[in-house]
file my_file-v5.csv (CSV, N, CA and C atoms)
chain,number,residue,atom,x,y,z
A,562,GLN,N,0.8,-1.2,0.0
A,562,GLN,CA,0.0,0.0,0.0
A,562,GLN,C,0.9,1.2,0.0
A,563,VAL,N,0.6,2.1,-0.9
A,563,VAL,CA,1.5,3.3,-1.1
A,563,VAL,C,1.0,4.4,0.0
A,564,GLN,N,1.9,4.9,0.7
A,564,GLN,CA,1.6,6.0,1.7
A,564,GLN,C,2.6,7.1,1.5
A,565,LEU,N,2.1,8.3,1.6
A,565,LEU,CA,2.9,9.5,1.6
A,565,LEU,C,2.7,10.2,3.0
A,566,VAL,N,3.8,10.5,3.6
A,566,VAL,CA,3.7,11.0,5.0
A,566,VAL,C,4.5,12.4,5.0
A,567,GLU,N,3.8,13.4,5.3
A,567,GLU,CA,4.4,14.7,5.4
A,567,GLU,C,4.9,15.0,6.9
A,568,SER,N,5.9,15.9,7.0
A,568,SER,CA,6.3,16.3,8.3
A,568,SER,C,7.0,17.7,8.1
A,569,GLY,N,7.2,18.3,9.3
A,569,GLY,CA,7.9,19.6,9.2
A,569,GLY,C,7.1,20.8,9.4
A,570,GLY,N,5.8,20.7,9.5
A,570,GLY,CA,4.9,21.8,9.6
A,570,GLY,C,5.1,22.4,11.0
A,571,GLY,N,4.4,23.5,11.3
A,571,GLY,CA,4.5,24.1,12.6
A,571,GLY,C,4.1,25.6,12.6
A,572,LEU,N,4.4,26.3,13.7
A,572,LEU,CA,4.1,27.7,13.8
A,572,LEU,C,5.4,28.5,13.7
A,573,VAL,N,5.3,29.5,12.9
A,573,VAL,CA,6.5,30.4,12.6
A,573,VAL,C,6.1,31.8,12.5
A,574,GLN,N,6.9,32.7,12.8
A,574,GLN,CA,6.6,34.1,12.6
A,574,GLN,C,6.8,34.5,11.2
A,575,ALA,N,6.1,35.6,10.8
A,575,ALA,CA,6.3,36.1,9.4
A,575,ALA,C,7.8,36.4,9.2
A,576,GLY,N,8.3,36.0,8.0
A,576,GLY,CA,9.7,36.2,7.7
A,576,GLY,C,10.5,35.0,8.0
A,577,GLY,N,10.0,34.1,8.7
A,577,GLY,CA,10.7,32.9,9.1
A,577,GLY,C,10.7,31.8,8.0
A,578,SER,N,11.3,30.7,8.4
A,578,SER,CA,11.4,29.5,7.4
A,578,SER,C,10.9,28.2,8.0
A,579,LEU,N,10.5,27.4,7.2
A,579,LEU,CA,10.2,26.0,7.5
A,579,LEU,C,10.6,25.1,6.4
A,580,ARG,N,10.9,23.8,6.7
A,580,ARG,CA,11.2,22.9,5.6
A,580,ARG,C,10.2,21.7,5.8
A,581,LEU,N,9.4,21.4,4.8
A,581,LEU,CA,8.5,20.3,4.8
A,581,LEU,C,9.2,19.1,4.1
A,582,SER,N,8.9,18.0,4.6
A,582,SER,CA,9.3,16.7,4.0
A,582,SER,C,8.2,15.8,3.7
A,583,CYS,N,8.3,15.0,2.7
A,583,CYS,CA,7.3,14.0,2.4
A,583,CYS,C,8.0,12.7,2.0
A,584,ALA,N,7.7,11.7,2.7
A,584,ALA,CA,8.4,10.4,2.4
A,584,ALA,C,7.3,9.4,1.9
A,585,ALA,N,7.7,8.7,0.8
A,585,ALA,CA,6.8,7.7,0.3
A,585,ALA,C,7.2,6.3,0.7
A,586,SER,N,6.3,5.4,1.0
A,586,SER,CA,6.6,4.1,1.4
A,586,SER,C,5.6,3.1,0.6
A,587,GLY,N,6.0,1.9,0.5
A,587,GLY,CA,5.2,0.9,-0.2
A,587,GLY,C,5.1,1.1,-1.7
A,588,VAL,N,6.1,1.9,-2.2
A,588,VAL,CA,6.0,2.3,-3.7
A,588,VAL,C,6.8,1.2,-4.5
A,589,ARG,N,6.2,0.6,-5.5
A,589,ARG,CA,6.9,-0.3,-6.4
A,589,ARG,C,7.1,0.2,-7.8
A,590,PHE,N,7.0,1.5,-7.9
A,590,PHE,CA,7.2,2.2,-9.1
A,590,PHE,C,7.8,3.5,-8.8
A,591,THR,N,8.1,4.3,-9.9
A,591,THR,CA,8.7,5.6,-9.7
A,591,THR,C,7.7,6.7,-10.0
A,592,PHE,N,7.5,7.6,-9.1
A,592,PHE,CA,6.6,8.7,-9.4
A,592,PHE,C,7.3,9.5,-10.5
A,593,ASN,N,6.5,10.0,-11.5
A,593,ASN,CA,7.1,10.8,-12.6
A,593,ASN,C,7.0,12.3,-12.2
A,594,THR,N,6.1,12.6,-11.2
A,594,THR,CA,6.0,14.0,-10.7
A,594,THR,C,5.6,13.9,-9.2
A,595,MET,N,6.3,14.7,-8.4
A,595,MET,CA,5.8,14.9,-7.0
A,595,MET,C,5.6,16.4,-6.8
A,596,GLY,N,4.7,16.7,-5.9
A,596,GLY,CA,4.5,18.1,-5.7
A,596,GLY,C,3.8,18.4,-4.3
A,597,TRP,N,3.6,19.7,-4.2
A,597,TRP,CA,2.9,20.2,-2.9
A,597,TRP,C,1.7,21.0,-3.3
A,598,TYR,N,0.7,20.9,-2.5
A,598,TYR,CA,-0.5,21.7,-2.6
A,598,TYR,C,-0.8,22.2,-1.2
A,599,ARG,N,-1.7,23.2,-1.1
A,599,ARG,CA,-2.0,23.7,0.2
A,599,ARG,C,-3.5,24.1,0.2
A,600,GLN,N,-4.1,24.1,1.4
A,600,GLN,CA,-5.5,24.4,1.5
A,600,GLN,C,-5.6,25.3,2.8
A,601,ALA,N,-6.0,26.6,2.5
A,601,ALA,CA,-6.2,27.5,3.6
A,601,ALA,C,-7.6,27.3,4.1
A,602,PRO,N,-7.9,27.7,5.4
A,602,PRO,CA,-9.2,27.6,5.9
A,602,PRO,C,-10.3,28.2,5.1
A,603,GLY,N,-11.3,27.4,4.7
A,603,GLY,CA,-12.5,27.9,4.0
A,603,GLY,C,-12.2,28.1,2.5
A,604,LYS,N,-11.0,27.6,2.0
A,604,LYS,CA,-10.7,27.7,0.6
A,604,LYS,C,-10.4,26.4,0.0
A,605,GLN,N,-10.3,26.4,-1.3
A,605,GLN,CA,-10.0,25.1,-2.0
A,605,GLN,C,-8.5,24.8,-2.0
A,606,ARG,N,-8.2,23.6,-2.2
A,606,ARG,CA,-6.8,23.2,-2.3
A,606,ARG,C,-6.2,23.7,-3.6
A,607,THR,N,-5.0,24.3,-3.5
A,607,THR,CA,-4.4,24.9,-4.6
A,607,THR,C,-3.0,24.4,-4.8
A,608,TRP,N,-2.5,24.3,-6.0
A,608,TRP,CA,-1.2,23.8,-6.3
A,608,TRP,C,-0.1,24.9,-5.8
A,609,VAL,N,1.0,24.4,-5.3
A,609,VAL,CA,2.1,25.2,-4.9
A,609,VAL,C,3.4,25.0,-5.7
A,610,ALA,N,3.8,23.8,-5.8
A,610,ALA,CA,5.1,23.5,-6.6
A,610,ALA,C,5.1,22.1,-7.0
A,611,LYS,N,5.9,21.7,-8.0
A,611,LYS,CA,6.1,20.4,-8.4
A,611,LYS,C,7.5,20.2,-9.0
A,612,ILE,N,7.9,18.9,-8.9
A,612,ILE,CA,9.2,18.5,-9.5
A,612,ILE,C,9.0,17.2,-10.3
A,613,THR,N,9.6,17.2,-11.4
A,613,THR,CA,9.5,16.0,-12.2
A,613,THR,C,10.7,15.0,-12.0
A,614,SER,N,10.6,13.8,-12.5
A,614,SER,CA,11.7,12.9,-12.4
A,614,SER,C,12.9,13.4,-13.2
A,615,ALA,N,12.7,14.3,-14.1
A,615,ALA,CA,13.9,14.9,-14.8
A,615,ALA,C,14.5,16.0,-14.1
A,616,GLY,N,13.9,16.4,-13.0
A,616,GLY,CA,14.4,17.5,-12.2
A,616,GLY,C,13.9,18.9,-12.5
A,617,THR,N,12.9,18.9,-13.4
A,617,THR,CA,12.3,20.2,-13.7
A,617,THR,C,11.4,20.6,-12.5
A,618,THR,N,11.5,21.9,-12.2
A,618,THR,CA,10.6,22.4,-11.1
A,618,THR,C,9.7,23.5,-11.6
A,619,MET,N,8.6,23.6,-11.0
A,619,MET,CA,7.7,24.7,-11.3
A,619,MET,C,7.0,25.2,-10.0
A,620,TYR,N,6.6,26.5,-10.0
A,620,TYR,CA,6.1,27.1,-8.8
A,620,TYR,C,4.9,28.0,-9.2
A,621,THR,N,3.9,28.0,-8.2
A,621,THR,CA,2.9,29.0,-8.4
A,621,THR,C,3.5,30.4,-8.2
A,622,GLU,N,2.9,31.4,-8.8
A,622,GLU,CA,3.6,32.7,-8.8
A,622,GLU,C,3.8,33.3,-7.4
A,623,SER,N,2.9,33.0,-6.5
A,623,SER,CA,3.0,33.7,-5.2
A,623,SER,C,4.1,33.1,-4.3
A,624,VAL,N,4.7,32.0,-4.7
A,624,VAL,CA,5.8,31.5,-3.9
A,624,VAL,C,7.1,31.5,-4.6
A,625,LYS,N,7.2,31.9,-5.8
A,625,LYS,CA,8.4,32.0,-6.6
A,625,LYS,C,9.4,32.8,-5.8
A,626,ASP,N,10.7,32.4,-5.8
A,626,ASP,CA,11.8,33.1,-5.1
A,626,ASP,C,11.7,33.0,-3.6
A,627,ARG,N,10.7,32.3,-3.1
A,627,ARG,CA,10.6,32.1,-1.6
A,627,ARG,C,10.6,30.7,-1.2
A,628,PHE,N,10.0,29.8,-2.1
A,628,PHE,CA,10.0,28.4,-1.8
A,628,PHE,C,10.9,27.6,-2.8
A,629,THR,N,11.4,26.5,-2.3
A,629,THR,CA,12.3,25.7,-3.2
A,629,THR,C,11.8,24.2,-3.0
A,630,ILE,N,11.5,23.6,-4.1
A,630,ILE,CA,11.1,22.2,-4.0
A,630,ILE,C,12.3,21.4,-4.5
A,631,SER,N,12.5,20.2,-3.8
A,631,SER,CA,13.6,19.3,-4.2
A,631,SER,C,13.1,17.9,-3.9
A,632,GLY,N,13.8,16.9,-4.5
A,632,GLY,CA,13.4,15.5,-4.3
A,632,GLY,C,14.7,14.7,-4.3
A,633,ASP,N,14.5,13.4,-3.8
A,633,ASP,CA,15.7,12.5,-3.9
A,633,ASP,C,15.7,11.9,-5.3
A,634,ASN,N,16.8,11.3,-5.6
A,634,ASN,CA,17.0,10.8,-7.0
A,634,ASN,C,16.0,9.7,-7.3
A,635,ALA,N,15.6,8.9,-6.3
A,635,ALA,CA,14.6,7.8,-6.5
A,635,ALA,C,13.2,8.3,-6.6
A,636,MET,N,13.0,9.6,-6.4
A,636,MET,CA,11.6,10.2,-6.4
A,636,MET,C,10.8,9.4,-5.3
A,637,ASN,N,11.4,9.1,-4.2
A,637,ASN,CA,10.6,8.6,-3.1
A,637,ASN,C,10.4,9.6,-2.0
A,638,ALA,N,11.0,10.8,-2.1
A,638,ALA,CA,10.8,11.8,-1.1
A,638,ALA,C,10.8,13.2,-1.8
A,639,VAL,N,10.1,14.1,-1.3
A,639,VAL,CA,10.0,15.4,-1.8
A,639,VAL,C,10.1,16.4,-0.6
A,640,TYR,N,10.7,17.5,-0.8
A,640,TYR,CA,10.9,18.5,0.2
A,640,TYR,C,10.4,19.9,-0.3
A,641,LEU,N,10.1,20.7,0.6
A,641,LEU,CA,9.7,22.1,0.3
A,641,LEU,C,10.3,23.0,1.3
A,642,GLN,N,11.3,23.7,0.9
A,642,GLN,CA,12.0,24.7,1.7
A,642,GLN,C,11.2,26.0,1.6
A,643,MET,N,10.7,26.5,2.7
A,643,MET,CA,9.8,27.7,2.6
A,643,MET,C,10.5,28.8,3.4
A,644,ASP,N,10.9,29.9,2.7
A,644,ASP,CA,11.6,31.0,3.3
A,644,ASP,C,10.7,32.3,3.2
A,645,THR,N,11.0,33.3,4.0
A,645,THR,CA,10.3,34.5,3.9
A,645,THR,C,8.8,34.3,4.0
A,646,LEU,N,8.4,33.5,4.9
A,646,LEU,CA,7.0,33.1,5.1
A,646,LEU,C,6.1,34.3,5.4
A,647,ARG,N,4.9,34.2,4.9
A,647,ARG,CA,3.9,35.3,5.1
A,647,ARG,C,2.7,34.7,5.7
A,648,PRO,N,1.9,35.5,6.4
A,648,PRO,CA,0.6,35.0,7.0
A,648,PRO,C,-0.3,34.3,6.0
A,649,GLU,N,-0.3,34.8,4.8
A,649,GLU,CA,-1.1,34.2,3.8
A,649,GLU,C,-0.6,32.8,3.3
A,650,ASP,N,0.5,32.4,3.8
A,650,ASP,CA,1.0,31.1,3.5
A,650,ASP,C,0.4,30.0,4.5
A,651,THR,N,-0.3,30.5,5.5
A,651,THR,CA,-0.9,29.6,6.4
A,651,THR,C,-1.9,28.7,5.8
A,652,ALA,N,-1.7,27.4,5.9
A,652,ALA,CA,-2.6,26.4,5.3
A,652,ALA,C,-2.1,25.0,5.8
A,653,VAL,N,-2.9,24.0,5.4
A,653,VAL,CA,-2.5,22.7,5.5
A,653,VAL,C,-1.8,22.3,4.2
A,654,TYR,N,-0.6,21.8,4.3
A,654,TYR,CA,0.2,21.5,3.1
A,654,TYR,C,0.2,20.0,2.8
A,655,TYR,N,-0.2,19.6,1.6
A,655,TYR,CA,-0.2,18.2,1.2
A,655,TYR,C,0.8,17.9,0.1
A,656,CYS,N,1.4,16.8,0.2
A,656,CYS,CA,2.3,16.4,-0.9
A,656,CYS,C,1.5,15.4,-1.7
A,657,ASN,N,1.9,15.2,-3.0
A,657,ASN,CA,1.3,14.2,-3.8
A,657,ASN,C,2.3,13.7,-4.8
A,658,GLY,N,2.0,12.5,-5.3
A,658,GLY,CA,2.8,11.9,-6.3
A,658,GLY,C,2.0,11.3,-7.4
A,659,LEU,N,2.4,11.5,-8.6
A,659,LEU,CA,1.7,11.1,-9.8
A,659,LEU,C,2.5,10.0,-10.5
A,660,ASN,N,1.9,8.8,-10.7
A,660,ASN,CA,2.6,7.8,-11.4
A,660,ASN,C,2.3,7.8,-12.9
A,661,ASP,N,3.0,6.9,-13.6
A,661,ASP,CA,2.9,6.9,-15.1
A,661,ASP,C,1.5,6.5,-15.6
A,662,TYR,N,0.7,6.0,-14.7
A,662,TYR,CA,-0.7,5.6,-15.2
A,662,TYR,C,-1.7,6.7,-14.9
A,663,GLY,N,-1.2,7.9,-14.4
A,663,GLY,CA,-2.0,9.0,-14.2
A,663,GLY,C,-2.7,9.0,-12.9
A,664,TYR,N,-2.3,8.1,-12.0
A,664,TYR,CA,-2.9,8.1,-10.7
A,664,TYR,C,-2.2,8.9,-9.7
A,665,THR,N,-2.9,9.7,-8.9
A,665,THR,CA,-2.3,10.6,-7.9
A,665,THR,C,-2.5,10.1,-6.5
A,666,TYR,N,-1.4,10.0,-5.8
A,666,TYR,CA,-1.5,9.6,-4.4
A,666,TYR,C,-1.3,10.9,-3.5
A,667,TRP,N,-1.9,10.9,-2.3
A,667,TRP,CA,-1.9,12.1,-1.5
A,667,TRP,C,-1.4,11.7,-0.1
A,668,GLY,N,-0.8,12.7,0.6
A,668,GLY,CA,-0.5,12.5,2.0
A,668,GLY,C,-1.6,13.1,2.8
A,669,GLN,N,-1.5,13.0,4.1
A,669,GLN,CA,-2.5,13.4,5.0
A,669,GLN,C,-2.5,14.9,5.4
A,670,GLY,N,-1.4,15.5,5.0
A,670,GLY,CA,-1.3,17.0,5.3
A,670,GLY,C,-0.5,17.3,6.5
A,671,THR,N,0.1,18.5,6.5
A,671,THR,CA,0.8,19.0,7.7
A,671,THR,C,0.4,20.5,7.8
A,672,GLN,N,0.1,21.0,9.0
A,672,GLN,CA,-0.3,22.3,9.2
A,672,GLN,C,0.9,23.3,9.3
A,673,VAL,N,0.8,24.4,8.5
A,673,VAL,CA,1.7,25.5,8.6
A,673,VAL,C,1.0,26.7,9.0
A,674,THR,N,1.4,27.3,10.1
A,674,THR,CA,0.8,28.6,10.5
A,674,THR,C,1.8,29.7,10.6
A,675,VAL,N,1.6,30.8,10.0
A,675,VAL,CA,2.5,31.9,10.0
A,675,VAL,C,1.8,33.0,10.7
A,676,SER,N,2.4,33.5,11.8
A,676,SER,CA,1.9,34.6,12.6
A,676,SER,C,2.4,35.9,12.1
A,677,SER,N,1.6,36.9,12.3
A,677,SER,CA,2.1,38.3,11.8
A,677,SER,C,2.8,39.0,13.0
call {"tool": "encode", "arguments": {"input": "my_file-v5.csv", "output": "structure tokens"}}
result
Amino acid sequence: QVQLVESGGGLVQAGGSLRLSCAASGVRFTFNTMGWYRQAPGKQRTWVAKITSAGTTMYTESVKDRFTISGDNAMNAVYLQMDTLRPEDTAVYYCNGLNDYGYTYWGQGTQVTVSS
């Protein structure tokens, strides 16, 4: 059974940093893309960043130059370094992984709270 488990969330002051981690287990294939989404209270889940197995990275505009996504060579883990955090970054952060068959796996989420 494939599981994605996030960690690293917490409470930080505006301007601070956090590093989120997501580890996959039970995987018998290679994810072709792994990424991060977030869901703020009362809002829909939105895409934040992704990395492909080729190492290509992409970011939503609001986090460019502040967040950095990275992954291990086996695409079994993905990380999100978040710098210069803002109160509007407060959300539950979810990692996901997309396999070659188009199926997406999700983690259970980790809370990030940025105080002003």
call {"tool": "closest_residue", "arguments": {"input": "my_file-v5.csv", "among": "A:Gly596, A:Gly570, A:Gly587, A:Gly632", "to": "Gly670 in chain A", "atoms": "all atoms listed in the file"}}
result
A:Gly570
call {"tool": "residues_near_point", "arguments": {"input": "my_file-v5.csv", "point": "(12.1, 29.0, -1.9)", "cutoff": "6 Å", "atoms": "all atoms listed in the file", "output": "mmCIF file with N, CA and C atoms, keeping the file's coordinate frame"}}
result
data_model
loop_
_atom_site.group_PDB
_atom_site.id
_atom_site.type_symbol
_atom_site.label_atom_id
_atom_site.label_comp_id
_atom_site.auth_asym_id
_atom_site.auth_seq_id
_atom_site.Cartn_x
_atom_site.Cartn_y
_atom_site.Cartn_z
ATOM 1 N N ASP A 626 10.700 32.400 -5.800
ATOM 2 C CA ASP A 626 11.800 33.100 -5.100
ATOM 3 C C ASP A 626 11.700 33.000 -3.600
ATOM 4 N N ARG A 627 10.700 32.300 -3.100
ATOM 5 C CA ARG A 627 10.600 32.100 -1.600
ATOM 6 C C ARG A 627 10.600 30.700 -1.200
ATOM 7 N N PHE A 628 10.000 29.800 -2.100
ATOM 8 C CA PHE A 628 10.000 28.400 -1.800
ATOM 9 C C PHE A 628 10.900 27.600 -2.800
ATOM 10 N N THR A 629 11.400 26.500 -2.300
ATOM 11 C CA THR A 629 12.300 25.700 -3.200
ATOM 12 C C THR A 629 11.800 24.200 -3.000
ATOM 13 N N ILE A 630 11.500 23.600 -4.100
ATOM 14 C CA ILE A 630 11.100 22.200 -4.000
ATOM 15 C C ILE A 630 12.300 21.400 -4.500
ATOM 16 N N GLN A 642 11.300 23.700 0.900
ATOM 17 C CA GLN A 642 12.000 24.700 1.700
ATOM 18 C C GLN A 642 11.200 26.000 1.600
ATOM 19 N N MET A 643 10.700 26.500 2.700
ATOM 20 C CA MET A 643 9.800 27.700 2.600
ATOM 21 C C MET A 643 10.500 28.800 3.400
ATOM 22 N N ASP A 644 10.900 29.900 2.700
ATOM 23 C CA ASP A 644 11.600 31.000 3.300
ATOM 24 C C ASP A 644 10.700 32.300 3.200
#
call {"tool": "residues_around", "arguments": {"input": "my_file-v5.csv", "residues": "Asn634 in chain A", "least_positions_apart": "2", "cutoff": "10 Å", "atoms": "only C-alpha atoms", "output": "list in words"}}
result
Ser614, Ala615, Gly616, Ser631, Gly632, Met636, Asn637, Ala638 and Val639 of chain A
call {"tool": "closest_residue", "arguments": {"input": "my_file-v5.csv", "among": "A:Thr671, A:Ser578, A:Thr594, A:Ser676", "to": "Asp633 in chain A", "atoms": "only C-alpha atoms"}}
result
A:Thr594
call {"tool": "residues_near_point", "arguments": {"input": "my_file-v5.csv", "point": "(3.1, 28.2, 5.3)", "cutoff": "8 Å", "atoms": "only C-alpha atoms", "output": "number ranges by chain"}}
result
A: 570, 579, 643, 646-654, 672-675
call {"tool": "atom_distance", "arguments": {"input": "my_file-v5.csv", "atom1": "atom C of Asn660 in chain A", "atom2": "atom N of Lys604 in chain A"}}
result
28.1 Å
call {"tool": "select_by_dssp", "arguments": {"input": "my_file-v5.csv", "residues": "chain A", "states": "strand (DSSP E)", "output": "number ranges by chain"}}
result
A: 564-568, 571-574, 579-586, 594-600, 607-613, 618-620, 628-632, 638-643, 652-659, 665-667, 671-676
call {"tool": "residues_around", "arguments": {"input": "my_file-v5.csv", "residues": "Tyr666 in chain A", "least_positions_apart": "6", "cutoff": "8 Å", "atoms": "only C-alpha atoms", "output": "VMD selection string"}}
result
chain A and resid 563 to 565 657 to 659
call {"tool": "select_by_dssp", "arguments": {"input": "my_file-v5.csv", "residues": "range 576-650 of chain A", "states": "helix (DSSP H, G or I)", "output": "list in words"}}
result
Glu622, Ser623, Val624, Pro648, Glu649 and Asp650 of chain A
call {"tool": "write_last_selection", "arguments": {"input": "my_file-v5.csv", "atoms": "N, CA and C atoms", "output": "PDB file, keeping the file's coordinate frame"}}
result
ATOM      1  N   GLU A 622       2.900  31.400  -8.800  1.00  0.00           N
ATOM      2  CA  GLU A 622       3.600  32.700  -8.800  1.00  0.00           C
ATOM      3  C   GLU A 622       3.800  33.300  -7.400  1.00  0.00           C
ATOM      4  N   SER A 623       2.900  33.000  -6.500  1.00  0.00           N
ATOM      5  CA  SER A 623       3.000  33.700  -5.200  1.00  0.00           C
ATOM      6  C   SER A 623       4.100  33.100  -4.300  1.00  0.00           C
ATOM      7  N   VAL A 624       4.700  32.000  -4.700  1.00  0.00           N
ATOM      8  CA  VAL A 624       5.800  31.500  -3.900  1.00  0.00           C
ATOM      9  C   VAL A 624       7.100  31.500  -4.600  1.00  0.00           C
ATOM     10  N   PRO A 648       1.900  35.500   6.400  1.00  0.00           N
ATOM     11  CA  PRO A 648       0.600  35.000   7.000  1.00  0.00           C
ATOM     12  C   PRO A 648      -0.300  34.300   6.000  1.00  0.00           C
ATOM     13  N   GLU A 649      -0.300  34.800   4.800  1.00  0.00           N
ATOM     14  CA  GLU A 649      -1.100  34.200   3.800  1.00  0.00           C
ATOM     15  C   GLU A 649      -0.600  32.800   3.300  1.00  0.00           C
ATOM     16  N   ASP A 650       0.500  32.400   3.800  1.00  0.00           N
ATOM     17  CA  ASP A 650       1.000  31.100   3.500  1.00  0.00           C
ATOM     18  C   ASP A 650       0.400  30.000   4.500  1.00  0.00           C
TER      19      ASP A 650
END
call {"tool": "closest_residue", "arguments": {"input": "my_file-v5.csv", "among": "A:Leu641, A:Tyr655, A:Thr607, A:Ile612", "to": "Ser582 in chain A", "atoms": "all atoms listed in the file"}}
result
A:Leu641
call {"tool": "atom_distance", "arguments": {"input": "my_file-v5.csv", "atom1": "atom C of Arg599 in chain A", "atom2": "CA of Ser586 in chain A"}}
result
22.4 Å
call {"tool": "atom_distance", "arguments": {"input": "my_file-v5.csv", "atom1": "CA of Val566 in chain A", "atom2": "atom C of Lys625 in chain A"}}
result
25.0 Å
call {"tool": "closest_residue", "arguments": {"input": "my_file-v5.csv", "among": "A:Ala610, A:Val624, A:Met619, A:Leu581", "to": "Tyr598 in chain A", "atoms": "only N, CA and C atoms"}}
result
A:Ala610
call {"tool": "closest_residue", "arguments": {"input": "my_file-v5.csv", "among": "A:Asn593, A:Ser623, A:Ala635, A:Glu567", "to": "Lys611 in chain A", "atoms": "only C-alpha atoms"}}
result
A:Asn593
